[in-house]
Each structure stands twice: as structure tokens, then as C-alpha cells.
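Shown here: model_29.cif, mmCIF, C-alpha atoms (C1' of nucleotides).
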data_my_file
#
loop_
_atom_site.label_atom_id
_atom_site.label_comp_id
_atom_site.auth_asym_id
_atom_site.auth_seq_id
_atom_site.Cartn_x
_atom_site.Cartn_y
_atom_site.Cartn_z
CA MET O 1 0.00 0.00 0.00
CA ALA O 2 2.62 2.50 1.05
CA SER O 3 1.56 6.09 1.44
CA SER O 4 4.77 7.66 0.20
CA CYS O 5 4.73 10.60 -2.13
CA ARG O 6 6.69 8.84 -4.84
CA PHE O 7 3.49 8.05 -6.69
CA ALA O 8 2.37 11.65 -6.54
CA PHE O 9 5.76 12.81 -7.76
CA ALA O 10 5.68 10.27 -10.58
CA ILE O 11 2.27 11.40 -11.80
CA HIS O 12 3.33 15.01 -11.59
CA ILE O 13 6.51 14.34 -13.56
CA LEU O 14 4.76 12.28 -16.22
CA ALA O 15 2.08 14.94 -16.63
CA VAL O 16 4.70 17.60 -17.23
CA LEU O 17 6.44 15.40 -19.77
CA ALA O 18 3.15 14.62 -21.49
CA LEU O 19 2.27 18.29 -21.81
CA LYS O 20 5.63 19.37 -23.12
CA ARG O 21 5.83 17.02 -26.05
CA GLU O 22 8.98 18.28 -27.73
CA GLY O 23 12.41 18.16 -26.14
CA GLY O 24 13.66 16.83 -22.85
CA VAL O 25 12.85 18.31 -19.47
CA THR O 26 15.68 18.63 -16.98
CA SER O 27 15.46 17.46 -13.41
CA ASP O 28 15.99 21.05 -12.29
CA CYS O 29 12.94 22.14 -14.24
CA LEU O 30 10.84 19.28 -12.88
CA ALA O 31 12.11 19.96 -9.38
CA ALA O 32 10.94 23.54 -9.66
CA SER O 33 7.43 22.45 -10.63
CA VAL O 34 7.18 19.78 -7.97
CA ASN O 35 9.00 22.00 -5.48
CA THR O 36 11.61 19.57 -4.26
CA ASN O 37 15.26 18.71 -4.80
CA PRO O 38 16.45 17.70 -8.29
CA VAL O 39 17.99 14.52 -6.91
CA VAL O 40 14.62 13.41 -5.61
CA ILE O 41 13.26 13.92 -9.11
CA ARG O 42 16.12 11.99 -10.66
CA ARG O 43 15.47 9.07 -8.34
CA VAL O 44 11.85 8.85 -9.42
CA VAL O 45 12.71 9.39 -13.07
CA SER O 46 15.29 6.62 -12.85
CA THR O 47 12.62 4.26 -11.63
CA LEU O 48 10.27 5.31 -14.40
CA ARG O 49 13.06 4.84 -16.92
CA ARG O 50 13.73 1.31 -15.71
CA ALA O 51 10.00 0.66 -16.09
CA GLY O 52 10.17 1.82 -19.71
CA LEU O 53 7.93 4.84 -19.29
CA VAL O 54 10.45 7.61 -19.91
CA CYS O 55 13.74 8.00 -21.70
CA CYS O 56 16.60 10.11 -20.41
CA ALA O 57 19.31 11.93 -22.33
CA GLN O 58 22.50 12.73 -20.51
CA GLY O 59 24.79 15.66 -21.11
CA ALA O 60 24.07 19.21 -22.14
CA GLY O 61 20.63 19.70 -23.62
CA GLY O 62 19.51 16.45 -22.12
CA GLY O 63 16.60 15.61 -19.89
CA ALA O 64 13.68 13.25 -19.63
CA THR O 65 11.07 12.58 -22.29
CA LEU O 66 7.98 10.45 -22.32
CA CYS O 67 8.69 7.43 -24.51
CA ARG O 68 5.14 6.07 -24.77
CA ALA O 69 1.81 7.59 -25.70
CA PRO O 70 -0.01 9.02 -22.67
CA GLU O 71 -3.12 7.10 -23.72
CA SER O 72 -1.23 3.84 -23.29
CA ILE O 73 0.03 4.49 -19.78
CA GLY O 74 -2.35 3.24 -17.11
CA LEU O 75 -1.96 4.70 -13.66
CA ASP O 76 -1.59 1.21 -12.22
CA GLU O 77 1.54 0.85 -14.29
CA VAL O 78 2.93 4.02 -12.76
CA TYR O 79 2.01 2.80 -9.32
CA ARG O 80 3.68 -0.54 -9.74
CA ALA O 81 6.76 1.08 -11.24
CA VAL O 82 7.22 3.33 -8.28
CA GLU O 83 5.95 1.38 -5.29
CA PRO O 84 8.18 -1.54 -4.37
CA LEU O 85 5.31 -3.94 -3.77
CA THR O 86 5.89 -4.85 -0.16
CA ALA O 87 4.82 -8.25 1.08
CA PHE O 88 2.21 -6.83 3.47
CA SER O 89 3.76 -5.63 6.69
CA GLY O 90 0.99 -6.85 9.00
CA HIS O 91 1.98 -9.04 11.89
CA PRO O 92 5.61 -8.15 12.40
CA HIS O 93 6.24 -11.16 14.60
CA GLN O 94 5.29 -14.79 14.53
CA PRO O 95 1.92 -15.25 16.26
CA ASP O 96 1.44 -17.97 18.86
CA LEU O 97 1.17 -21.19 16.88
CA ARG O 98 -0.56 -22.96 19.75
CA CYS O 99 -3.53 -20.65 19.22
CA PRO O 100 -5.89 -21.70 16.43
CA VAL O 101 -6.05 -18.10 15.28
CA GLY O 102 -2.33 -17.48 15.46
CA ARG O 103 -1.63 -20.60 13.47
CA GLN O 104 -3.41 -19.43 10.34
CA ILE O 105 -3.98 -15.71 10.64
CA LYS O 106 -1.07 -14.73 8.47
CA VAL O 107 -2.27 -16.66 5.45
CA VAL O 108 -5.77 -15.29 5.83
CA LEU O 109 -4.52 -11.74 6.26
CA GLU O 110 -2.37 -12.03 3.20
CA GLU O 111 -5.29 -13.19 1.12
CA ILE O 112 -7.50 -10.41 2.38
CA HIS O 113 -4.85 -7.86 1.70
CA ALA O 114 -4.10 -9.24 -1.73
CA SER O 115 -7.68 -9.02 -2.90
CA ALA O 116 -8.13 -5.50 -1.55
CA HIS O 117 -4.87 -4.40 -3.08
CA GLN O 118 -5.87 -5.85 -6.40
CA ALA O 119 -9.07 -3.82 -6.30
CA PHE O 120 -6.96 -0.76 -5.58
CA ALA O 121 -4.75 -1.41 -8.60
CA ALA O 122 -7.77 -2.12 -10.80
CA ALA O 123 -9.24 1.26 -9.92
CA LEU O 124 -5.98 2.92 -10.90
CA ALA O 125 -5.92 0.95 -14.14
CA GLU O 126 -9.15 2.59 -15.20
CA ARG O 127 -7.36 5.87 -15.77
CA THR O 128 -4.55 6.76 -18.11
CA LEU O 129 -1.98 9.47 -18.07
CA ALA O 130 -3.84 11.10 -20.95
CA GLU O 131 -6.93 11.45 -18.77
CA VAL O 132 -4.86 12.99 -16.04
CA VAL O 133 -3.54 15.54 -18.51
CA ALA O 134 -7.07 16.24 -19.66
CA MET O 135 -8.20 16.81 -16.09
CA LEU O 136 -5.25 19.11 -15.60
CA THR O 137 -5.94 21.28 -18.60
CA GLU O 138 -9.68 21.66 -18.39
CA SER O 139 -10.96 24.82 -16.77
CA PRO O 140 -10.33 24.72 -13.04
CA ARG O 141 -13.78 25.11 -11.50
CA PRO O 142 -15.16 28.25 -13.17
CA PRO O 143 -16.22 30.87 -10.62
CA ARG O 144 -20.00 31.00 -10.35
CA ARG O 145 -20.89 33.08 -7.31
CA SER O 146 -19.99 36.69 -6.71
CA ARG O 147 -16.36 37.49 -7.31
CA LYS O 148 -16.12 39.05 -3.89
CA ALA O 149 -16.71 36.32 -1.33
CA ALA O 150 -13.88 33.84 -0.88
CA MET D 1 -3.73 3.62 2.95
CA ALA D 2 -1.23 3.21 5.75
CA SER D 3 0.60 -0.07 5.93
CA SER D 4 0.71 -0.30 9.71
CA CYS D 5 0.00 -3.54 11.47
CA ARG D 6 -2.93 -2.16 13.44
CA PHE D 7 -5.37 -3.61 10.96
CA ALA D 8 -3.74 -7.02 11.18
CA PHE D 9 -3.81 -6.85 14.96
CA ALA D 10 -7.45 -5.82 14.93
CA ILE D 11 -8.50 -8.72 12.72
CA HIS D 12 -6.50 -11.11 14.85
CA ILE D 13 -8.08 -9.81 18.04
CA LEU D 14 -11.61 -9.88 16.66
CA ALA D 15 -11.12 -13.40 15.38
CA VAL D 16 -10.07 -14.60 18.81
CA LEU D 17 -13.06 -12.90 20.39
CA ALA D 18 -15.39 -14.38 17.78
CA LEU D 19 -14.10 -17.87 18.41
CA LYS D 20 -14.27 -17.68 22.17
CA ARG D 21 -17.91 -16.72 22.48
CA GLU D 22 -18.37 -16.87 26.24
CA GLY D 23 -16.53 -14.67 28.71
CA GLY D 24 -14.08 -11.85 28.24
CA VAL D 25 -10.56 -12.22 26.95
CA THR D 26 -7.83 -10.32 28.74
CA SER D 27 -5.27 -8.19 26.98
CA ASP D 28 -2.57 -10.47 28.36
CA CYS D 29 -4.19 -13.44 26.67
CA LEU D 30 -4.61 -11.59 23.39
CA ALA D 31 -1.06 -10.32 23.60
CA ALA D 32 0.16 -13.89 23.92
CA SER D 33 -1.67 -14.96 20.78
CA VAL D 34 -0.60 -11.93 18.75
CA ASN D 35 2.85 -12.03 20.32
CA THR D 36 3.19 -8.43 21.37
CA ASN D 37 2.83 -6.26 24.44
CA PRO D 38 -0.54 -6.12 26.27
CA VAL D 39 -0.56 -2.34 26.05
CA VAL D 40 -0.41 -2.52 22.27
CA ILE D 41 -3.44 -4.79 22.40
CA ARG D 42 -5.27 -2.47 24.74
CA ARG D 43 -4.70 0.44 22.40
CA VAL D 44 -6.23 -1.42 19.48
CA VAL D 45 -9.07 -2.75 21.62
CA SER D 46 -9.80 0.76 22.84
CA THR D 47 -10.17 1.89 19.27
CA LEU D 48 -12.46 -1.02 18.47
CA ARG D 49 -14.49 -0.25 21.57
CA ARG D 50 -14.96 3.36 20.52
CA ALA D 51 -16.12 2.05 17.14
CA GLY D 52 -18.73 -0.09 18.89
CA LEU D 53 -17.29 -3.44 17.83
CA VAL D 54 -16.21 -4.77 21.22
CA CYS D 55 -17.12 -4.21 24.84
CA CYS D 56 -14.62 -4.15 27.67
CA ALA D 57 -15.08 -5.07 31.33
CA GLN D 58 -12.64 -3.60 33.78
CA GLY D 59 -11.50 -5.17 37.00
CA ALA D 60 -10.89 -8.75 38.00
CA GLY D 61 -12.48 -11.25 35.65
CA GLY D 62 -12.81 -8.58 33.00
CA GLY D 63 -11.63 -8.46 29.42
CA ALA D 64 -12.90 -7.78 25.94
CA THR D 65 -15.91 -9.38 24.29
CA LEU D 66 -17.36 -9.06 20.82
CA CYS D 67 -20.55 -7.07 21.10
CA ARG D 68 -21.90 -7.66 17.60
CA ALA D 69 -22.50 -10.74 15.50
CA PRO D 70 -19.43 -11.67 13.42
CA GLU D 71 -21.68 -11.91 10.36
CA SER D 72 -22.55 -8.24 10.73
CA ILE D 73 -18.99 -6.95 10.92
CA GLY D 74 -17.55 -6.06 7.53
CA LEU D 75 -13.81 -5.85 7.26
CA ASP D 76 -14.10 -2.34 5.91
CA GLU D 77 -15.64 -1.35 9.20
CA VAL D 78 -12.65 -2.73 11.03
CA TYR D 79 -10.32 -0.94 8.66
CA ARG D 80 -11.99 2.40 9.10
CA ALA D 81 -12.13 1.96 12.86
CA VAL D 82 -8.43 1.37 13.10
CA GLU D 83 -6.89 3.44 10.32
CA PRO D 84 -7.11 7.17 10.95
CA LEU D 85 -8.08 8.05 7.38
CA THR D 86 -5.23 10.34 6.40
CA ALA D 87 -5.83 13.06 3.85
CA PHE D 88 -3.45 11.52 1.31
CA SER D 89 0.16 12.36 1.99
CA GLY D 90 1.18 12.92 -1.62
CA HIS D 91 2.87 16.19 -2.46
CA PRO D 92 4.23 17.31 0.88
CA HIS D 93 4.87 20.84 -0.36
CA GLN D 94 3.01 23.33 -2.45
CA PRO D 95 3.83 22.77 -6.13
CA ASP D 96 4.80 25.66 -8.34
CA LEU D 97 1.55 27.48 -9.09
CA ARG D 98 3.04 29.13 -12.17
CA CYS D 99 3.21 25.70 -13.79
CA PRO D 100 -0.06 24.49 -15.33
CA VAL D 101 0.57 21.08 -13.82
CA GLY D 102 1.53 22.33 -10.37
CA ARG D 103 -1.56 24.50 -10.25
CA GLN D 104 -4.01 21.63 -10.35
CA ILE D 105 -2.12 18.44 -9.64
CA LYS D 106 -3.18 18.22 -6.02
CA VAL D 107 -6.88 18.17 -6.79
CA VAL D 108 -6.40 15.57 -9.50
CA LEU D 109 -4.23 13.41 -7.28
CA GLU D 110 -6.75 13.55 -4.50
CA GLU D 111 -9.52 12.43 -6.78
CA ILE D 112 -7.43 9.58 -8.16
CA HIS D 113 -6.49 8.49 -4.71
CA ALA D 114 -10.03 8.76 -3.41
CA SER D 115 -11.46 6.51 -6.10
CA ALA D 116 -8.73 3.91 -5.69
CA HIS D 117 -9.11 3.97 -1.94
CA GLN D 118 -12.83 3.52 -2.24
CA ALA D 119 -12.26 0.44 -4.37
CA PHE D 120 -9.93 -0.84 -1.67
CA ALA D 121 -12.56 -0.37 1.01
CA ALA D 122 -15.23 -1.93 -1.17
CA ALA D 123 -13.13 -5.05 -1.56
CA LEU D 124 -12.76 -5.26 2.21
CA ALA D 125 -16.50 -4.77 2.62
CA GLU D 126 -17.14 -7.95 0.72
CA ARG D 127 -15.88 -10.01 3.62
CA THR D 128 -17.14 -10.29 7.16
CA LEU D 129 -15.48 -11.31 10.36
CA ALA D 130 -17.52 -14.50 10.23
CA GLU D 131 -15.88 -15.43 6.94
CA VAL D 132 -12.47 -14.77 8.40
CA VAL D 133 -13.29 -17.12 11.26
CA ALA D 134 -14.49 -19.72 8.79
CA MET D 135 -11.25 -19.45 6.84
CA LEU D 136 -9.36 -19.78 10.08
CA THR D 137 -11.10 -22.92 11.22
CA GLU D 138 -11.32 -24.87 8.01
CA SER D 139 -8.63 -27.48 7.51
CA PRO D 140 -5.33 -25.82 6.80
CA ARG D 141 -4.38 -27.19 3.40
CA PRO D 142 -4.62 -30.97 3.94
CA PRO D 143 -1.34 -32.75 3.22
CA ARG D 144 -1.52 -34.53 -0.10
CA ARG D 145 1.97 -35.69 -0.96
CA SER D 146 4.13 -38.00 1.10
CA ARG D 147 4.26 -37.19 4.76
CA LYS D 148 8.01 -37.18 4.61
CA ALA D 149 9.01 -34.31 2.34
CA ALA D 150 8.59 -30.89 3.88
"C1'" DG P 1 40.34 19.84 -26.05
"C1'" DA P 2 38.09 22.70 -22.59
"C1'" DC P 3 34.09 23.87 -20.54
"C1'" DA P 4 29.40 23.98 -19.33
"C1'" DA P 5 25.22 21.47 -18.78
"C1'" DC P 6 23.13 17.32 -17.53
"C1'" DT P 7 22.26 12.57 -15.50
"C1'" DG P 8 23.29 8.69 -12.13
"C1'" DT P 9 24.26 7.34 -7.56
"C1'" DA P 10 26.29 6.87 -3.24
"C1'" DA P 11 26.33 8.75 1.34
"C1'" DC P 12 24.56 11.09 5.00
"C1'" DC P 13 21.33 13.85 7.82
"C1'" DG P 14 17.01 14.80 10.22
"C1'" DG P 15 12.38 14.19 11.15
"C1'" DC P 16 8.36 11.31 11.64
"C1'" DG P 17 5.65 7.33 12.56
"C1'" DC P 18 4.91 3.60 15.20
"C1'" DG P 19 5.43 -0.52 17.95
"C1'" DA P 20 7.30 -1.70 22.46
"C1'" DT P 21 7.83 -0.69 27.13
"C1'" DT P 22 7.29 1.34 31.72
"C1'" DA P 23 4.53 3.50 35.00
"C1'" DC P 24 0.56 4.61 37.23
"C1'" DA P 25 -4.36 5.78 37.99
"C1'" DT P 26 -8.74 3.50 38.10
"C1'" DA P 27 -12.23 -0.07 38.33
"C1'" DT P 28 -14.07 -4.48 39.86
"C1'" DC P 29 -14.65 -8.88 42.16
"C1'" DA P 30 -13.81 -12.13 45.99
"C1'" DT T 1 -8.30 -5.13 51.27
"C1'" DG T 2 -5.89 -7.11 47.78
"C1'" DA T 3 -5.55 -9.37 43.40
"C1'" DT T 4 -6.80 -8.72 38.72
"C1'" DA T 5 -7.97 -5.89 34.90
"C1'" DT T 6 -8.40 -1.88 31.84
"C1'" DG T 7 -7.05 3.06 30.31
"C1'" DT T 8 -3.66 6.08 29.14
"C1'" DA T 9 0.31 9.08 29.32
"C1'" DA T 10 5.22 9.19 28.56
"C1'" DT T 11 9.23 7.60 26.67
"C1'" DC T 12 12.43 4.79 23.91
"C1'" DG T 13 14.34 2.90 19.74
"C1'" DC T 14 14.32 1.83 15.20
"C1'" DG T 15 13.26 1.98 10.38
"C1'" DC T 16 11.61 4.59 6.48
"C1'" DC T 17 11.99 8.32 3.55
"C1'" DG T 18 12.58 12.90 1.66
"C1'" DG T 19 16.18 16.31 1.42
"C1'" DT T 20 20.87 17.51 0.67
"C1'" DT T 21 25.71 17.25 -0.64
"C1'" DA T 22 29.21 15.38 -3.33
"C1'" DC T 23 31.14 13.49 -7.18
"C1'" DA T 24 31.80 10.50 -11.26
"C1'" DG T 25 30.34 9.97 -15.94
"C1'" DT T 26 28.20 11.83 -20.43
"C1'" DT T 27 27.26 14.98 -24.03
"C1'" DG T 28 26.81 19.22 -26.78
"C1'" DT T 29 29.21 23.65 -27.93
"C1'" DC T 30 32.90 26.87 -28.51
#

Transcribe the structure of this file into C-alpha cells.
Amino acid sequence: MASSCRFAFAIHILAVLALKREGGVTSDCLAASVNTNPVVIRRVVSTLRRAGLVCCAQGAGGGATLCRAPESIGLDEVYRAVEPLTAFSGHPHQPDLRCPVGRQIKVVLEEIHASAHQAFAAALAERTLAEVVAMLTESPRPPRRSRKAA
Amino acid sequence: MASSCRFAFAIHILAVLALKREGGVTSDCLAASVNTNPVVIRRVVSTLRRAGLVCCAQGAGGGATLCRAPESIGLDEVYRAVEPLTAFSGHPHQPDLRCPVGRQIKVVLEEIHASAHQAFAAALAERTLAEVVAMLTESPRPPRRSRKAA
DNA sequence: GACAACTGTAACCGGCGCGATTACATATCA
DNA sequence: TGATATGTAATCGCGCCGGTTACAGTTGTC
């Protein structure tokens, strides 16, 4: 599950790359948009590169570019690329095996967690990077009431 | 999302209570089965009590008892009782508002996360504590091969 | 070739979350 | 009254993770 911000950073980065179609984007530029350190960006981009989602050019004039169509990138793919897929951290220790519950609880918990996690990933899979970009570019909640009240 | 072991502990505790129908179970006893400190158990039990899932009796002869039918307790209820429902930790800082992505990314991320999280909870809701108990008590993968090989 | 502009990574720091533990107040039954 | 419990505050220790620095390697430009 993991509630780190790597996933958020990854989506942010990919959205920027999807919007700026031509040319590479440097980690400094991405870091400015995300508002963090360039090295943090490079770490995430490295992971995305290993997953085949982006390509990186080194040297002067280099940077990261999206190397697949935004319509073909499901958010579950991004999630799996960036989250290490932990083996469910529940029950840090070995439960009491003399107890009928302790003897089997781990297997049951793992199954429960697996099915819920799969549902989580399936929900992510229903959206693509292209949809994220579309959400980003459509008018941000047009003001309806008076322009005075907050 | 939160990958703490509180949820695992809660399921374990509730399963023990569901199995031992009569009488209260002390935190010492639960701690032995879970293999942790009684205070850790009491913290989780307190949360479950506030959620109306268990009742606690203080004093000698006291302990925790399930105060609802296991068939009526969905695992999503347990999850929500025990996990504080964080407001999605993505994007720790304010993104650059001059960037079209940074301006709206938080709203989009929150919506994405909300829908995926809802799918997660819905998957948990499909199982009850009674089913967990049934999984726990049914024969644990009957040995099929020779009784010699591990 | 020299230099500037980038990426890739290792190393380290600091803060936060959380489970474990101790300690103690309180409640209840015999 | 004393043994047995819960309830909870306080503290400790450790692991995770984002941030930062540092530096090696790569590439375009003059």
C-alpha cells in the first residue's frame, strides 16, 4: 500500500512530460514544478526509466522525455513502477502457533490484503496518463458566485 | 492507505473474540496470541471499543468481548475503525503554481487516490469477520503428498 | 580539447511514525 | 483489602523516507 509521495511525484513528472511534447525536461525544471530537490526527481525518473515509461538523455541539452503515448500508460503501471510492492507488513512477529487463530492468521490476512490491493490497482488501471492531462488542462472550477466572497 | 499492522492486529483480536464466544478475553491473553505487548493490544481494543465493535469489562475477571455478530462486521468497518483516514500524503509541499501542472495536480491526485481507496474499502466490505473465522477454522491445506518431504 | 550542462548514484542527515515498554491511575470482584 | 484488569500518558528505539551534498560519468558547444 505504502503512502509515500513517490506516486504523486511520478504522476506530476509524467504529466509535465506529457504536456511538453517536444524536447527533454531537466530534473531542475521538474524539481521547480514539484517544489523539491532535483535529486529526488532523478530518483523517481530513474525508476520510471527502468520501467520503460520515460527516456533520459544525458549531457548538455539532455533531460527526460515520455517514450510512450499518454493514452497507453495506465496509472496502475505508474504505481507498480514506483511502489516496491511490499509483502504486506501486517503481523511483524510470529503469532502464537498454539492458538488456532495465530496458526493461520497470516495466510488469511495475506489473502484479504491481496484481494483489496488488487481492487486498488484495478481502480488505478481505469485511468490513463492522458486522462490525467485532460483533467489538468480543463478549466479549473469556473467561478459562479460573486467574485467578492472567498 | 497506511501499511501499519494495526489492521492485522485488529483482525486477529476480533477473530479470537469471535471464536471464544463466552466470557471476556484479557489483553494479556490476546497479547500472547498476537505475540506483542498487552498495552499494544489495549490500544487497538480501545479503538475497536470506541467504534462499537467490542465491549470491555474492567477489573478482576474482566476483558474484551465481541458485542456484535461476526456476520454483521464487515472488514471495511474494522479498517476504518483502526486506520485514521489520512488526507493523502502525496505532495508534501506546495507545487509551483506558475506551472499548469503544479496549479491543479493536487486536486487531481486527490480524486485519483479517493477513487482507488474507495475500491480498496469496497473489496474489504465484501468479507465479514464470520468469513475470516471460517477461513481460520477450516482445515489448513490438507497434506496430499508423502508425509516425509517438507 | 576545454568547458558547461546534464544525469546517475552513493552517502549522510534529520524528522516522523509507530510498535514496544514502563509506570501509574482506576475499576471491579472475591 | 488485595488481586486482577483496563485506560492512558510518557518515553524509547528503530526503520523509512525525503532532502541535501558530493562526485563520477556523459554529451553538446565553442

Mind telling me what the PyMOL selection byres ((chain P) within 8 of (chain O)) catches here, as JSON, numbers by chain?
{"P": [4, 5, 6, 7]}

Reference answer for the PyMOL selection byres ((chain O) within 7 of (chain D)), as number ranges by chain:
O: 1-5, 8-9, 12, 15-16, 32-35, 89-91, 93-96, 99, 101-102, 104-105, 108-109, 115-117, 119-120, 123-124, 135-136

Export, as a PDB file, in the coordinates of the input, the selected residues with C-alpha atoms.
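The resulting file, part-v2.pdb, is shown below:
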ATOM      1  CA  MET O   1       0.000   0.000   0.000  1.00  0.00           C
ATOM      2  CA  ALA O   2       2.620   2.500   1.050  1.00  0.00           C
ATOM      3  CA  SER O   3       1.560   6.090   1.440  1.00  0.00           C
ATOM      4  CA  SER O   4       4.770   7.660   0.200  1.00  0.00           C
ATOM      5  CA  CYS O   5       4.730  10.600  -2.130  1.00  0.00           C
ATOM      6  CA  ALA O   8       2.370  11.650  -6.540  1.00  0.00           C
ATOM      7  CA  PHE O   9       5.760  12.810  -7.760  1.00  0.00           C
ATOM      8  CA  HIS O  12       3.330  15.010 -11.590  1.00  0.00           C
ATOM      9  CA  ALA O  15       2.080  14.940 -16.630  1.00  0.00           C
ATOM     10  CA  VAL O  16       4.700  17.600 -17.230  1.00  0.00           C
ATOM     11  CA  ALA O  32      10.940  23.540  -9.660  1.00  0.00           C
ATOM     12  CA  SER O  33       7.430  22.450 -10.630  1.00  0.00           C
ATOM     13  CA  VAL O  34       7.180  19.780  -7.970  1.00  0.00           C
ATOM     14  CA  ASN O  35       9.000  22.000  -5.480  1.00  0.00           C
ATOM     15  CA  SER O  89       3.760  -5.630   6.690  1.00  0.00           C
ATOM     16  CA  GLY O  90       0.990  -6.850   9.000  1.00  0.00           C
ATOM     17  CA  HIS O  91       1.980  -9.040  11.890  1.00  0.00           C
ATOM     18  CA  HIS O  93       6.240 -11.160  14.600  1.00  0.00           C
ATOM     19  CA  GLN O  94       5.290 -14.790  14.530  1.00  0.00           C
ATOM     20  CA  PRO O  95       1.920 -15.250  16.260  1.00  0.00           C
ATOM     21  CA  ASP O  96       1.440 -17.970  18.860  1.00  0.00           C
ATOM     22  CA  CYS O  99      -3.530 -20.650  19.220  1.00  0.00           C
ATOM     23  CA  VAL O 101      -6.050 -18.100  15.280  1.00  0.00           C
ATOM     24  CA  GLY O 102      -2.330 -17.480  15.460  1.00  0.00           C
ATOM     25  CA  GLN O 104      -3.410 -19.430  10.340  1.00  0.00           C
ATOM     26  CA  ILE O 105      -3.980 -15.710  10.640  1.00  0.00           C
ATOM     27  CA  VAL O 108      -5.770 -15.290   5.830  1.00  0.00           C
ATOM     28  CA  LEU O 109      -4.520 -11.740   6.260  1.00  0.00           C
ATOM     29  CA  SER O 115      -7.680  -9.020  -2.900  1.00  0.00           C
ATOM     30  CA  ALA O 116      -8.130  -5.500  -1.550  1.00  0.00           C
ATOM     31  CA  HIS O 117      -4.870  -4.400  -3.080  1.00  0.00           C
ATOM     32  CA  ALA O 119      -9.070  -3.820  -6.300  1.00  0.00           C
ATOM     33  CA  PHE O 120      -6.960  -0.760  -5.580  1.00  0.00           C
ATOM     34  CA  ALA O 123      -9.240   1.260  -9.920  1.00  0.00           C
ATOM     35  CA  LEU O 124      -5.980   2.920 -10.900  1.00  0.00           C
ATOM     36  CA  MET O 135      -8.200  16.810 -16.090  1.00  0.00           C
ATOM     37  CA  LEU O 136      -5.250  19.110 -15.600  1.00  0.00           C
TER      38      LEU O 136
END

Kindly provide, as JSON, numbers by chain, the polymer residues lying within 12 Å of (15.1, 14.5, 12.6), counting all atoms listed in the file and using the coordinates exactly as they appear in the file.
{"P": [13, 14, 15, 16, 17], "T": [17, 18, 19]}

Show me, as a list in words, the residues that have an atom within 12 Å of DC12 in chain P when counting all atoms listed in the file, minus same-chain residues fewer than 4 positions from it.
DG19, DT20, DT21 and DA22 of chain T

Hey, which of D:Ala10, D:Ala134, D:Ala69, D:Val45 ends up closest to chain T? Count all atoms listed in the file.
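Closest candidate: D:Val45.
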
Quick one: pull the distance between CA of Gly23 in chain O and CA of Arg49 in chain O, Å, one decimal.
16.2 Å

Find the spatial neighbours of Leu66 in chain O, counting only C-alpha atoms (C1' of nucleotides), within a cut-off of 8 Å - ignore same-chain residues fewer than 6 positions away - and output them as a PyMOL selection string.
chain O and resi 14+17-18+21+53-55

Output for the residues just chosen: C-alpha atoms as a PDB file, in the frame of the given file:
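Dumped everything to part.pdb:
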ATOM      1  CA  LEU O  14       4.760  12.280 -16.220  1.00  0.00           C
ATOM      2  CA  LEU O  17       6.440  15.400 -19.770  1.00  0.00           C
ATOM      3  CA  ALA O  18       3.150  14.620 -21.490  1.00  0.00           C
ATOM      4  CA  ARG O  21       5.830  17.020 -26.050  1.00  0.00           C
ATOM      5  CA  LEU O  53       7.930   4.840 -19.290  1.00  0.00           C
ATOM      6  CA  VAL O  54      10.450   7.610 -19.910  1.00  0.00           C
ATOM      7  CA  CYS O  55      13.740   8.000 -21.700  1.00  0.00           C
TER       8      CYS O  55
END

Tell me as number ranges by chain which residues belonging to chain T come within 8 Å of chain D, counting all atoms listed in the file.
T: 3-6

Quick one: apply the PyMOL selection byres ((chain O and resi 72) around 10) to the file and drop the selected residues here as a list in words.
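Selected by the PyMOL selection byres ((chain O and resi 72) around 10) in this file: Arg68, Ala69, Pro70, Glu71, Ile73, Gly74, Leu75, Glu77, Arg127, Thr128, Leu129 and Ala130 of chain O.
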